[in-house]
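S.K.: Got a structure for you, my_file_27.pdb, holding PDB, C-alpha atoms.
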```
ATOM      1  CA  MET A   1       0.000   0.000   0.000  1.00  0.00           C
ATOM      2  CA  ASP A   2       1.515   3.336  -1.063  1.00  0.00           C
ATOM      3  CA  LEU A   3       1.386   6.432   1.137  1.00  0.00           C
ATOM      4  CA  LEU A   4      -1.591   8.026  -0.607  1.00  0.00           C
ATOM      5  CA  GLU A   5      -3.642   4.841  -0.441  1.00  0.00           C
ATOM      6  CA  LYS A   6      -2.690   4.462   3.227  1.00  0.00           C
ATOM      7  CA  TYR A   7      -3.846   8.033   3.838  1.00  0.00           C
ATOM      8  CA  ILE A   8      -7.192   7.330   2.124  1.00  0.00           C
ATOM      9  CA  HIS A   9      -7.763   4.252   4.283  1.00  0.00           C
ATOM     10  CA  GLU A  10      -6.846   6.081   7.481  1.00  0.00           C
ATOM     11  CA  ASN A  11      -9.258   8.929   6.746  1.00  0.00           C
ATOM     12  CA  SER A  12     -12.236   6.825   5.650  1.00  0.00           C
ATOM     13  CA  SER A  13     -14.708   4.800   7.705  1.00  0.00           C
ATOM     14  CA  PRO A  14     -12.988   1.619   8.916  1.00  0.00           C
ATOM     15  CA  GLU A  15     -13.509  -1.763   7.333  1.00  0.00           C
ATOM     16  CA  GLU A  16     -15.990  -3.979   9.182  1.00  0.00           C
ATOM     17  CA  ALA A  17     -14.503  -6.997  10.958  1.00  0.00           C
ATOM     18  CA  LEU A  18     -16.478  -9.440   8.772  1.00  0.00           C
ATOM     19  CA  LEU A  19     -15.190  -7.833   5.575  1.00  0.00           C
ATOM     20  CA  HIS A  20     -11.632  -7.644   6.897  1.00  0.00           C
ATOM     21  CA  GLU A  21     -11.702 -11.388   7.628  1.00  0.00           C
ATOM     22  CA  LEU A  22     -13.227 -12.159   4.222  1.00  0.00           C
ATOM     23  CA  ASP A  23     -10.491 -10.133   2.516  1.00  0.00           C
ATOM     24  CA  ARG A  24      -7.837 -11.985   4.511  1.00  0.00           C
ATOM     25  CA  GLU A  25      -9.299 -15.431   3.747  1.00  0.00           C
ATOM     26  CA  THR A  26      -9.697 -14.565   0.063  1.00  0.00           C
ATOM     27  CA  HIS A  27      -6.005 -13.683  -0.160  1.00  0.00           C
ATOM     28  CA  LEU A  28      -5.052 -16.894   1.647  1.00  0.00           C
ATOM     29  CA  ARG A  29      -7.300 -19.384  -0.146  1.00  0.00           C
ATOM     30  CA  VAL A  30      -8.507 -18.100  -3.537  1.00  0.00           C
ATOM     31  CA  LEU A  31      -6.732 -17.619  -6.853  1.00  0.00           C
ATOM     32  CA  ASN A  32      -6.492 -14.046  -8.156  1.00  0.00           C
ATOM     33  CA  PRO A  33      -7.418 -12.399  -4.834  1.00  0.00           C
ATOM     34  CA  ARG A  34      -6.869  -8.920  -6.307  1.00  0.00           C
ATOM     35  CA  MET A  35     -10.283  -9.354  -7.960  1.00  0.00           C
ATOM     36  CA  ILE A  36     -11.894  -8.603  -4.595  1.00  0.00           C
ATOM     37  CA  SER A  37     -13.509  -5.156  -4.412  1.00  0.00           C
ATOM     38  CA  GLY A  38     -11.706  -4.192  -1.227  1.00  0.00           C
ATOM     39  CA  HIS A  39     -12.323  -1.667   1.502  1.00  0.00           C
ATOM     40  CA  ILE A  40     -12.564   1.676  -0.336  1.00  0.00           C
ATOM     41  CA  GLN A  41     -14.618   0.488  -3.307  1.00  0.00           C
ATOM     42  CA  GLY A  42     -16.745  -1.617  -0.982  1.00  0.00           C
ATOM     43  CA  LYS A  43     -17.465   1.363   1.245  1.00  0.00           C
ATOM     44  CA  LEU A  44     -18.424   3.391  -1.835  1.00  0.00           C
ATOM     45  CA  LEU A  45     -20.900   0.672  -2.874  1.00  0.00           C
ATOM     46  CA  GLU A  46     -22.375   0.603   0.622  1.00  0.00           C
ATOM     47  CA  LEU A  47     -22.780   4.381   0.765  1.00  0.00           C
ATOM     48  CA  ILE A  48     -24.315   4.602  -2.711  1.00  0.00           C
ATOM     49  CA  VAL A  49     -26.870   1.940  -1.753  1.00  0.00           C
ATOM     50  CA  LYS A  50     -27.679   3.791   1.463  1.00  0.00           C
ATOM     51  CA  MET A  51     -28.160   7.068  -0.427  1.00  0.00           C
ATOM     52  CA  PHE A  52     -29.911   5.679  -3.519  1.00  0.00           C
ATOM     53  CA  ARG A  53     -32.167   3.255  -1.555  1.00  0.00           C
ATOM     54  CA  PRO A  54     -32.644   0.651  -4.313  1.00  0.00           C
ATOM     55  CA  LYS A  55     -35.260  -2.062  -3.851  1.00  0.00           C
ATOM     56  CA  ASN A  56     -33.808  -4.619  -6.254  1.00  0.00           C
ATOM     57  CA  ILE A  57     -30.068  -4.962  -6.941  1.00  0.00           C
ATOM     58  CA  LEU A  58     -28.348  -7.128  -9.538  1.00  0.00           C
ATOM     59  CA  GLU A  59     -24.665  -8.001  -9.252  1.00  0.00           C
ATOM     60  CA  ILE A  60     -22.831  -9.797 -12.060  1.00  0.00           C
ATOM     61  CA  GLY A  61     -19.640 -11.344 -10.700  1.00  0.00           C
ATOM     62  CA  THR A  62     -19.861 -12.328  -7.035  1.00  0.00           C
ATOM     63  CA  PHE A  63     -16.310 -13.661  -6.659  1.00  0.00           C
ATOM     64  CA  THR A  64     -15.981 -14.265  -2.886  1.00  0.00           C
ATOM     65  CA  GLY A  65     -18.900 -12.044  -1.883  1.00  0.00           C
ATOM     66  CA  TYR A  66     -17.149  -8.911  -0.595  1.00  0.00           C
ATOM     67  CA  SER A  67     -19.014  -6.423  -2.781  1.00  0.00           C
ATOM     68  CA  ALA A  68     -22.317  -8.256  -2.282  1.00  0.00           C
ATOM     69  CA  LEU A  69     -21.973  -7.974   1.500  1.00  0.00           C
ATOM     70  CA  CYS A  70     -21.093  -4.280   1.222  1.00  0.00           C
ATOM     71  CA  MET A  71     -24.205  -3.565  -0.830  1.00  0.00           C
ATOM     72  CA  ALA A  72     -26.396  -5.785   1.352  1.00  0.00           C
ATOM     73  CA  GLU A  73     -25.300  -3.858   4.442  1.00  0.00           C
ATOM     74  CA  GLY A  74     -26.814  -0.735   2.893  1.00  0.00           C
ATOM     75  CA  LEU A  75     -30.126  -2.296   1.854  1.00  0.00           C
ATOM     76  CA  GLY A  76     -33.344  -1.148   3.454  1.00  0.00           C
ATOM     77  CA  GLU A  77     -36.232  -3.270   4.712  1.00  0.00           C
ATOM     78  CA  GLY A  78     -37.669  -5.539   2.027  1.00  0.00           C
ATOM     79  CA  ALA A  79     -34.917  -4.823  -0.520  1.00  0.00           C
ATOM     80  CA  LEU A  80     -33.066  -7.712  -2.185  1.00  0.00           C
ATOM     81  CA  LEU A  81     -29.808  -8.378  -4.017  1.00  0.00           C
ATOM     82  CA  HIS A  82     -29.424 -11.051  -6.703  1.00  0.00           C
ATOM     83  CA  THR A  83     -25.756 -11.872  -7.288  1.00  0.00           C
ATOM     84  CA  TYR A  84     -24.420 -14.169 -10.029  1.00  0.00           C
ATOM     85  CA  GLU A  85     -21.112 -16.031 -10.142  1.00  0.00           C
ATOM     86  CA  ILE A  86     -20.327 -18.176 -13.175  1.00  0.00           C
ATOM     87  CA  ASP A  87     -17.364 -20.019 -11.596  1.00  0.00           C
ATOM     88  CA  ASP A  88     -18.924 -22.917  -9.680  1.00  0.00           C
ATOM     89  CA  GLU A  89     -15.568 -23.712  -8.049  1.00  0.00           C
ATOM     90  CA  LEU A  90     -16.039 -20.593  -5.895  1.00  0.00           C
ATOM     91  CA  GLU A  91     -19.390 -21.694  -4.495  1.00  0.00           C
ATOM     92  CA  ASP A  92     -18.081 -23.706  -1.528  1.00  0.00           C
ATOM     93  CA  PHE A  93     -15.979 -20.758  -0.397  1.00  0.00           C
ATOM     94  CA  THR A  94     -18.416 -17.927  -1.111  1.00  0.00           C
ATOM     95  CA  ARG A  95     -21.823 -19.283  -0.113  1.00  0.00           C
ATOM     96  CA  PRO A  96     -21.091 -19.651   3.641  1.00  0.00           C
ATOM     97  CA  TRP A  97     -19.740 -16.093   3.821  1.00  0.00           C
ATOM     98  CA  ILE A  98     -22.976 -14.757   2.357  1.00  0.00           C
ATOM     99  CA  GLU A  99     -25.505 -17.048   4.013  1.00  0.00           C
ATOM    100  CA  ASN A 100     -23.918 -16.883   7.480  1.00  0.00           C
ATOM    101  CA  SER A 101     -23.576 -13.104   7.392  1.00  0.00           C
ATOM    102  CA  PRO A 102     -26.065 -10.737   9.076  1.00  0.00           C
ATOM    103  CA  TYR A 103     -27.387  -9.976   5.576  1.00  0.00           C
ATOM    104  CA  GLY A 104     -27.964 -13.531   4.352  1.00  0.00           C
ATOM    105  CA  ASP A 105     -31.722 -13.052   4.064  1.00  0.00           C
ATOM    106  CA  LYS A 106     -31.222 -10.078   1.724  1.00  0.00           C
ATOM    107  CA  VAL A 107     -28.937 -11.842  -0.772  1.00  0.00           C
ATOM    108  CA  HIS A 108     -29.872 -14.465  -3.353  1.00  0.00           C
ATOM    109  CA  PHE A 109     -26.605 -16.088  -4.460  1.00  0.00           C
ATOM    110  CA  HIS A 110     -26.810 -17.751  -7.881  1.00  0.00           C
ATOM    111  CA  ILE A 111     -24.209 -19.953  -9.559  1.00  0.00           C
ATOM    112  CA  GLY A 112     -24.707 -19.600 -13.293  1.00  0.00           C
ATOM    113  CA  ASN A 113     -24.471 -17.408 -16.370  1.00  0.00           C
ATOM    114  CA  ALA A 114     -26.240 -14.104 -15.713  1.00  0.00           C
ATOM    115  CA  LEU A 115     -26.742 -13.557 -19.442  1.00  0.00           C
ATOM    116  CA  GLU A 116     -28.814 -16.734 -19.614  1.00  0.00           C
ATOM    117  CA  GLU A 117     -30.526 -16.634 -16.238  1.00  0.00           C
ATOM    118  CA  VAL A 118     -31.397 -13.006 -15.467  1.00  0.00           C
ATOM    119  CA  PRO A 119     -33.946 -12.727 -18.326  1.00  0.00           C
ATOM    120  CA  HIS A 120     -35.896 -15.611 -16.751  1.00  0.00           C
ATOM    121  CA  LEU A 121     -36.042 -14.036 -13.287  1.00  0.00           C
ATOM    122  CA  GLY A 122     -38.858 -11.692 -14.266  1.00  0.00           C
ATOM    123  CA  GLU A 123     -37.279  -8.918 -12.187  1.00  0.00           C
ATOM    124  CA  VAL A 124     -36.731  -5.230 -12.889  1.00  0.00           C
ATOM    125  CA  PHE A 125     -33.655  -3.793 -11.182  1.00  0.00           C
ATOM    126  CA  ASP A 126     -32.984  -0.253 -10.045  1.00  0.00           C
ATOM    127  CA  PHE A 127     -29.303  -0.766  -9.217  1.00  0.00           C
ATOM    128  CA  VAL A 128     -26.694  -2.956 -10.954  1.00  0.00           C
ATOM    129  CA  PHE A 129     -23.043  -3.694 -10.211  1.00  0.00           C
ATOM    130  CA  MET A 130     -21.426  -5.165 -13.339  1.00  0.00           C
ATOM    131  CA  ASP A 131     -18.175  -6.979 -12.589  1.00  0.00           C
ATOM    132  CA  GLY A 132     -18.215 -10.178 -14.654  1.00  0.00           C
ATOM    133  CA  ASP A 133     -16.180 -11.382 -17.638  1.00  0.00           C
ATOM    134  CA  LYS A 134     -14.799  -8.244 -19.283  1.00  0.00           C
ATOM    135  CA  ARG A 135     -15.051  -9.865 -22.726  1.00  0.00           C
ATOM    136  CA  GLN A 136     -18.838  -9.985 -22.269  1.00  0.00           C
ATOM    137  CA  TYR A 137     -19.360  -6.452 -20.976  1.00  0.00           C
ATOM    138  CA  MET A 138     -21.236  -5.402 -24.121  1.00  0.00           C
ATOM    139  CA  GLU A 139     -23.676  -8.307 -23.783  1.00  0.00           C
ATOM    140  CA  TYR A 140     -24.110  -7.615 -20.060  1.00  0.00           C
ATOM    141  CA  TYR A 141     -24.742  -3.949 -20.737  1.00  0.00           C
ATOM    142  CA  GLU A 142     -27.513  -4.522 -23.282  1.00  0.00           C
ATOM    143  CA  MET A 143     -29.114  -7.208 -21.133  1.00  0.00           C
ATOM    144  CA  ILE A 144     -29.014  -4.922 -18.094  1.00  0.00           C
ATOM    145  CA  LEU A 145     -30.725  -2.076 -19.956  1.00  0.00           C
ATOM    146  CA  ARG A 146     -33.579  -4.437 -20.840  1.00  0.00           C
ATOM    147  CA  HIS A 147     -34.098  -5.357 -17.191  1.00  0.00           C
ATOM    148  CA  THR A 148     -33.718  -2.026 -15.399  1.00  0.00           C
ATOM    149  CA  SER A 149     -36.138   0.767 -14.628  1.00  0.00           C
ATOM    150  CA  SER A 150     -35.898   4.359 -15.804  1.00  0.00           C
ATOM    151  CA  GLY A 151     -33.515   6.171 -13.465  1.00  0.00           C
ATOM    152  CA  ALA A 152     -31.655   2.966 -12.586  1.00  0.00           C
ATOM    153  CA  LEU A 153     -27.996   3.275 -11.619  1.00  0.00           C
ATOM    154  CA  ILE A 154     -25.446   0.923 -13.191  1.00  0.00           C
ATOM    155  CA  LEU A 155     -21.862   0.676 -11.959  1.00  0.00           C
ATOM    156  CA  ALA A 156     -19.396  -1.015 -14.310  1.00  0.00           C
ATOM    157  CA  ASP A 157     -16.135  -2.080 -12.689  1.00  0.00           C
ATOM    158  CA  ASN A 158     -12.601  -2.290 -14.154  1.00  0.00           C
ATOM    159  CA  THR A 159     -13.334   0.128 -16.995  1.00  0.00           C
ATOM    160  CA  LEU A 160      -9.789   1.523 -16.978  1.00  0.00           C
ATOM    161  CA  TRP A 161      -8.291  -1.985 -16.782  1.00  0.00           C
ATOM    162  CA  ASP A 162      -5.074  -1.085 -14.962  1.00  0.00           C
ATOM    163  CA  GLY A 163      -4.470   1.685 -17.489  1.00  0.00           C
ATOM    164  CA  HIS A 164      -4.338  -0.765 -20.390  1.00  0.00           C
ATOM    165  CA  VAL A 165      -7.172   1.052 -22.176  1.00  0.00           C
ATOM    166  CA  VAL A 166      -4.667   3.769 -23.184  1.00  0.00           C
ATOM    167  CA  ASP A 167      -1.577   1.559 -23.497  1.00  0.00           C
ATOM    168  CA  LYS A 168      -0.691   0.659 -27.089  1.00  0.00           C
ATOM    169  CA  ALA A 169       1.024  -2.505 -25.875  1.00  0.00           C
ATOM    170  CA  TYR A 170      -2.426  -3.925 -25.130  1.00  0.00           C
ATOM    171  CA  LEU A 171      -4.186  -2.983 -28.366  1.00  0.00           C
ATOM    172  CA  ASN A 172      -4.700  -6.654 -29.259  1.00  0.00           C
ATOM    173  CA  ASP A 173      -5.502  -7.951 -25.777  1.00  0.00           C
ATOM    174  CA  ARG A 174      -9.059  -9.377 -25.907  1.00  0.00           C
ATOM    175  CA  GLN A 175     -10.177  -8.035 -22.551  1.00  0.00           C
ATOM    176  CA  THR A 176      -8.699  -4.578 -23.175  1.00  0.00           C
ATOM    177  CA  VAL A 177     -10.318  -4.459 -26.620  1.00  0.00           C
ATOM    178  CA  ALA A 178     -13.687  -5.453 -25.137  1.00  0.00           C
ATOM    179  CA  ILE A 179     -13.501  -2.803 -22.420  1.00  0.00           C
ATOM    180  CA  ASN A 180     -12.516  -0.091 -24.901  1.00  0.00           C
ATOM    181  CA  GLU A 181     -15.414  -1.092 -27.146  1.00  0.00           C
ATOM    182  CA  VAL A 182     -17.995  -0.922 -24.377  1.00  0.00           C
ATOM    183  CA  ASN A 183     -16.551   2.337 -23.008  1.00  0.00           C
ATOM    184  CA  ALA A 184     -16.883   3.941 -26.444  1.00  0.00           C
ATOM    185  CA  PHE A 185     -20.364   2.510 -26.911  1.00  0.00           C
ATOM    186  CA  VAL A 186     -21.604   3.760 -23.542  1.00  0.00           C
ATOM    187  CA  ALA A 187     -20.038   7.181 -24.152  1.00  0.00           C
ATOM    188  CA  ALA A 188     -22.115   7.527 -27.341  1.00  0.00           C
ATOM    189  CA  ASP A 189     -25.291   5.915 -25.966  1.00  0.00           C
ATOM    190  CA  LYS A 190     -28.080   8.511 -25.741  1.00  0.00           C
ATOM    191  CA  ARG A 191     -30.140   6.217 -23.477  1.00  0.00           C
ATOM    192  CA  VAL A 192     -27.860   6.909 -20.517  1.00  0.00           C
ATOM    193  CA  GLU A 193     -25.793   9.498 -18.658  1.00  0.00           C
ATOM    194  CA  LYS A 194     -22.311   8.346 -17.709  1.00  0.00           C
ATOM    195  CA  LEU A 195     -19.101   9.193 -15.867  1.00  0.00           C
ATOM    196  CA  ILE A 196     -15.862   7.218 -15.461  1.00  0.00           C
ATOM    197  CA  LEU A 197     -14.358   7.538 -11.985  1.00  0.00           C
ATOM    198  CA  PRO A 198     -10.588   6.854 -11.653  1.00  0.00           C
ATOM    199  CA  LEU A 199     -11.208   4.781  -8.529  1.00  0.00           C
ATOM    200  CA  ARG A 200      -9.032   1.685  -8.189  1.00  0.00           C
ATOM    201  CA  ASP A 201      -9.292   0.021 -11.628  1.00  0.00           C
ATOM    202  CA  GLY A 202     -11.882   2.396 -13.052  1.00  0.00           C
ATOM    203  CA  LEU A 203     -15.575   2.546 -12.145  1.00  0.00           C
ATOM    204  CA  THR A 204     -18.153   3.847 -14.607  1.00  0.00           C
ATOM    205  CA  MET A 205     -21.362   5.313 -13.188  1.00  0.00           C
ATOM    206  CA  ILE A 206     -24.236   5.008 -15.657  1.00  0.00           C
ATOM    207  CA  ARG A 207     -27.755   6.368 -15.155  1.00  0.00           C
ATOM    208  CA  LYS A 208     -30.500   5.020 -17.390  1.00  0.00           C
ATOM    209  CA  LYS A 209     -32.731   7.846 -18.608  1.00  0.00           C
TER     210      LYS A 209
END
```
What is this file in structure tokens?
M.R.:
Amino acid sequence: MDLLEKYIHENSSPEEALLHELDRETHLRVLNPRMISGHIQGKLLELIVKMFRPKNILEIGTFTGYSALCMAEGLGEGALLHTYEIDDELEDFTRPWIENSPYGDKVHFHIGNALEEVPHLGEVFDFVFMDGDKRQYMEYYEMILRHTSSGALILADNTLWDGHVVDKAYLNDRQTVAINEVNAFVAADKRVEKLILPLRDGLTMIRKK
């Protein structure tokens, strides 16, 4: 952790004990632990949920459940979060963290392909956190717009992709190409308002008109 990041952590609300332990266990037991949302992004998700007061949240890309628990902590009475993870090898690790948490009754954890399964839920979402396979961001985006209400807020993670989106060395990298394509598409899309935040790996805020 560099000095500026340390400063940010020290001057923000502290990480909850449950989330701190989940972060620690993720780094000890799971491949690619850097995929976890982490304290600062997680706190942002929690605060946005508390301010926006969504009734029905969709998350694409559960990983080990950190971001889902952050959003669930901010949910009001009767609100629900549907979170999808396509990697079934993560289920045995992730499910207990979600179901044994204080927010287990607010979170429906699905193992499966969100592109295939969300259309059959029959739900309309007012808040979405998109953090799945970067190569499918365009498909996620169009699917999400079909299943969200007017005024819905969509957050797309990793949209700066460690700076690779402006690095010519990655022009032919499939994930970088996919992210650049969806960033350009969203920027030109008149159905939404949008803003890329340089937080962590890039977070795009999108409001459906």
S.K.: Please tabulate, as a Markdown table, the residues of region 128-172 of chain A that come within 10 Å of region 32-50 of chain A, each with its closest pair of atoms and the distance in Å to one decimal, counting all atoms listed in the file and ordering rows by chain, then residue number upward.
M.R.:
```
| residue | atom | partner | partner_atom | distance |
| --- | --- | --- | --- | --- |
| A:Phe129 | CA | A:Leu45 | CA | 8.8 |
| A:Asp131 | CA | A:Met35 | CA | 9.5 |
| A:Leu153 | CA | A:Ile48 | CA | 9.7 |
| A:Leu155 | CA | A:Leu45 | CA | 9.1 |
| A:Asp157 | CA | A:Ser37 | CA | 9.2 |
| A:Asn158 | CA | A:Met35 | CA | 9.7 |
```
S.K.: Could you pull the residues within 10 Å of region 2-10 of chain A, counting all atoms listed in the file, minus those fewer than 2 positions along the same chain, as a count of residues only?
M.R.: 7
S.K.: Rounded to one decimal in Å, what is the spacing between CA of Ile86 (chain A) and CA of Ile111 (chain A)?
M.R.: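 Here the two named atoms are 5.6 Å from each other.
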S.K.: Expand the PyMOL selection byres ((chain A and resi 165) around 10) into the individual residues it matches in the shown file, reporting them as a PDB file with C-alpha atoms, in the coordinates of the input.
M.R.:
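selection-v6.pdb, written as the output of this step:
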```
ATOM      1  CA  THR A 159     -13.334   0.128 -16.995  1.00  0.00           C
ATOM      2  CA  LEU A 160      -9.789   1.523 -16.978  1.00  0.00           C
ATOM      3  CA  TRP A 161      -8.291  -1.985 -16.782  1.00  0.00           C
ATOM      4  CA  ASP A 162      -5.074  -1.085 -14.962  1.00  0.00           C
ATOM      5  CA  GLY A 163      -4.470   1.685 -17.489  1.00  0.00           C
ATOM      6  CA  HIS A 164      -4.338  -0.765 -20.390  1.00  0.00           C
ATOM      7  CA  VAL A 166      -4.667   3.769 -23.184  1.00  0.00           C
ATOM      8  CA  ASP A 167      -1.577   1.559 -23.497  1.00  0.00           C
ATOM      9  CA  LYS A 168      -0.691   0.659 -27.089  1.00  0.00           C
ATOM     10  CA  ALA A 169       1.024  -2.505 -25.875  1.00  0.00           C
ATOM     11  CA  TYR A 170      -2.426  -3.925 -25.130  1.00  0.00           C
ATOM     12  CA  LEU A 171      -4.186  -2.983 -28.366  1.00  0.00           C
ATOM     13  CA  ASP A 173      -5.502  -7.951 -25.777  1.00  0.00           C
ATOM     14  CA  GLN A 175     -10.177  -8.035 -22.551  1.00  0.00           C
ATOM     15  CA  THR A 176      -8.699  -4.578 -23.175  1.00  0.00           C
ATOM     16  CA  VAL A 177     -10.318  -4.459 -26.620  1.00  0.00           C
ATOM     17  CA  ALA A 178     -13.687  -5.453 -25.137  1.00  0.00           C
ATOM     18  CA  ILE A 179     -13.501  -2.803 -22.420  1.00  0.00           C
ATOM     19  CA  ASN A 180     -12.516  -0.091 -24.901  1.00  0.00           C
ATOM     20  CA  GLU A 181     -15.414  -1.092 -27.146  1.00  0.00           C
ATOM     21  CA  ASN A 183     -16.551   2.337 -23.008  1.00  0.00           C
TER      22      ASN A 183
END
```
S.K.: Find, counting all atoms listed in the file, the residue in A:Ala17, A:Leu90, A:Met51, A:Met138 that gets nearest to Arg29 (chain A).
M.R.: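 Between A:Ala17, A:Leu90, A:Met51, A:Met138, the residue approaching Arg29 (chain A) most closely is A:Leu90.
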S.K.: Would you mind writing region 99-107 of chain A with all heavy atoms, as a PDB file, in the frame of the given file?
M.R.:
```pdb
ATOM      1  N   GLU A  99     -24.341 -16.535   3.295  1.00  0.00           N
ATOM      2  CA  GLU A  99     -25.505 -17.048   4.013  1.00  0.00           C
ATOM      3  C   GLU A  99     -25.358 -16.970   5.522  1.00  0.00           C
ATOM      4  O   GLU A  99     -26.361 -16.890   6.246  1.00  0.00           O
ATOM      5  CB  GLU A  99     -25.799 -18.476   3.565  1.00  0.00           C
ATOM      6  CG  GLU A  99     -26.216 -18.537   2.084  1.00  0.00           C
ATOM      7  CD  GLU A  99     -26.633 -19.917   1.634  1.00  0.00           C
ATOM      8  OE1 GLU A  99     -26.396 -20.899   2.404  1.00  0.00           O
ATOM      9  OE2 GLU A  99     -27.181 -20.038   0.521  1.00  0.00           O
ATOM     10  N   ASN A 100     -24.132 -16.979   6.034  1.00  0.00           N
ATOM     11  CA  ASN A 100     -23.918 -16.883   7.480  1.00  0.00           C
ATOM     12  C   ASN A 100     -23.691 -15.452   7.959  1.00  0.00           C
ATOM     13  O   ASN A 100     -23.472 -15.225   9.147  1.00  0.00           O
ATOM     14  CB  ASN A 100     -22.732 -17.759   7.897  1.00  0.00           C
ATOM     15  CG  ASN A 100     -22.982 -19.239   7.634  1.00  0.00           C
ATOM     16  OD1 ASN A 100     -24.124 -19.702   7.651  1.00  0.00           O
ATOM     17  ND2 ASN A 100     -21.920 -19.983   7.368  1.00  0.00           N
ATOM     18  N   SER A 101     -23.757 -14.507   7.027  1.00  0.00           N
ATOM     19  CA  SER A 101     -23.576 -13.104   7.392  1.00  0.00           C
ATOM     20  C   SER A 101     -24.876 -12.542   7.971  1.00  0.00           C
ATOM     21  O   SER A 101     -25.943 -13.158   7.839  1.00  0.00           O
ATOM     22  CB  SER A 101     -23.177 -12.287   6.160  1.00  0.00           C
ATOM     23  OG  SER A 101     -24.309 -12.057   5.326  1.00  0.00           O
ATOM     24  N   PRO A 102     -24.828 -11.364   8.580  1.00  0.00           N
ATOM     25  CA  PRO A 102     -26.065 -10.737   9.076  1.00  0.00           C
ATOM     26  C   PRO A 102     -27.033 -10.356   7.958  1.00  0.00           C
ATOM     27  O   PRO A 102     -28.177 -10.003   8.230  1.00  0.00           O
ATOM     28  CB  PRO A 102     -25.558  -9.479   9.796  1.00  0.00           C
ATOM     29  CG  PRO A 102     -24.117  -9.737  10.083  1.00  0.00           C
ATOM     30  CD  PRO A 102     -23.634 -10.596   8.962  1.00  0.00           C
ATOM     31  N   TYR A 103     -26.575 -10.426   6.705  1.00  0.00           N
ATOM     32  CA  TYR A 103     -27.387  -9.976   5.576  1.00  0.00           C
ATOM     33  C   TYR A 103     -27.833 -11.133   4.681  1.00  0.00           C
ATOM     34  O   TYR A 103     -28.310 -10.919   3.566  1.00  0.00           O
ATOM     35  CB  TYR A 103     -26.604  -8.960   4.740  1.00  0.00           C
ATOM     36  CG  TYR A 103     -25.730  -8.059   5.562  1.00  0.00           C
ATOM     37  CD1 TYR A 103     -24.336  -8.125   5.473  1.00  0.00           C
ATOM     38  CD2 TYR A 103     -26.284  -7.176   6.485  1.00  0.00           C
ATOM     39  CE1 TYR A 103     -23.526  -7.312   6.247  1.00  0.00           C
ATOM     40  CE2 TYR A 103     -25.481  -6.365   7.275  1.00  0.00           C
ATOM     41  CZ  TYR A 103     -24.105  -6.441   7.159  1.00  0.00           C
ATOM     42  OH  TYR A 103     -23.309  -5.649   7.943  1.00  0.00           O
ATOM     43  N   GLY A 104     -27.677 -12.361   5.173  1.00  0.00           N
ATOM     44  CA  GLY A 104     -27.964 -13.531   4.352  1.00  0.00           C
ATOM     45  C   GLY A 104     -29.366 -13.568   3.795  1.00  0.00           C
ATOM     46  O   GLY A 104     -29.599 -14.073   2.680  1.00  0.00           O
ATOM     47  N   ASP A 105     -30.337 -13.028   4.528  1.00  0.00           N
ATOM     48  CA  ASP A 105     -31.722 -13.052   4.064  1.00  0.00           C
ATOM     49  C   ASP A 105     -31.998 -12.016   2.987  1.00  0.00           C
ATOM     50  O   ASP A 105     -33.059 -12.030   2.354  1.00  0.00           O
ATOM     51  CB  ASP A 105     -32.684 -12.845   5.239  1.00  0.00           C
ATOM     52  CG  ASP A 105     -32.479 -11.499   5.937  1.00  0.00           C
ATOM     53  OD1 ASP A 105     -31.355 -10.958   5.886  1.00  0.00           O
ATOM     54  OD2 ASP A 105     -33.441 -11.001   6.542  1.00  0.00           O
ATOM     55  N   LYS A 106     -31.048 -11.119   2.742  1.00  0.00           N
ATOM     56  CA  LYS A 106     -31.222 -10.078   1.724  1.00  0.00           C
ATOM     57  C   LYS A 106     -30.538 -10.428   0.403  1.00  0.00           C
ATOM     58  O   LYS A 106     -30.711  -9.700  -0.581  1.00  0.00           O
ATOM     59  CB  LYS A 106     -30.651  -8.750   2.220  1.00  0.00           C
ATOM     60  CG  LYS A 106     -31.319  -8.186   3.470  1.00  0.00           C
ATOM     61  CD  LYS A 106     -30.666  -6.864   3.864  1.00  0.00           C
ATOM     62  CE  LYS A 106     -31.325  -6.250   5.083  1.00  0.00           C
ATOM     63  NZ  LYS A 106     -30.712  -4.946   5.456  1.00  0.00           N
ATOM     64  N   VAL A 107     -29.761 -11.510   0.397  1.00  0.00           N
ATOM     65  CA  VAL A 107     -28.937 -11.842  -0.772  1.00  0.00           C
ATOM     66  C   VAL A 107     -29.326 -13.196  -1.341  1.00  0.00           C
ATOM     67  O   VAL A 107     -29.335 -14.199  -0.621  1.00  0.00           O
ATOM     68  CB  VAL A 107     -27.435 -11.846  -0.408  1.00  0.00           C
ATOM     69  CG1 VAL A 107     -26.600 -12.159  -1.654  1.00  0.00           C
ATOM     70  CG2 VAL A 107     -27.011 -10.521   0.204  1.00  0.00           C
TER      71      VAL A 107
END
```
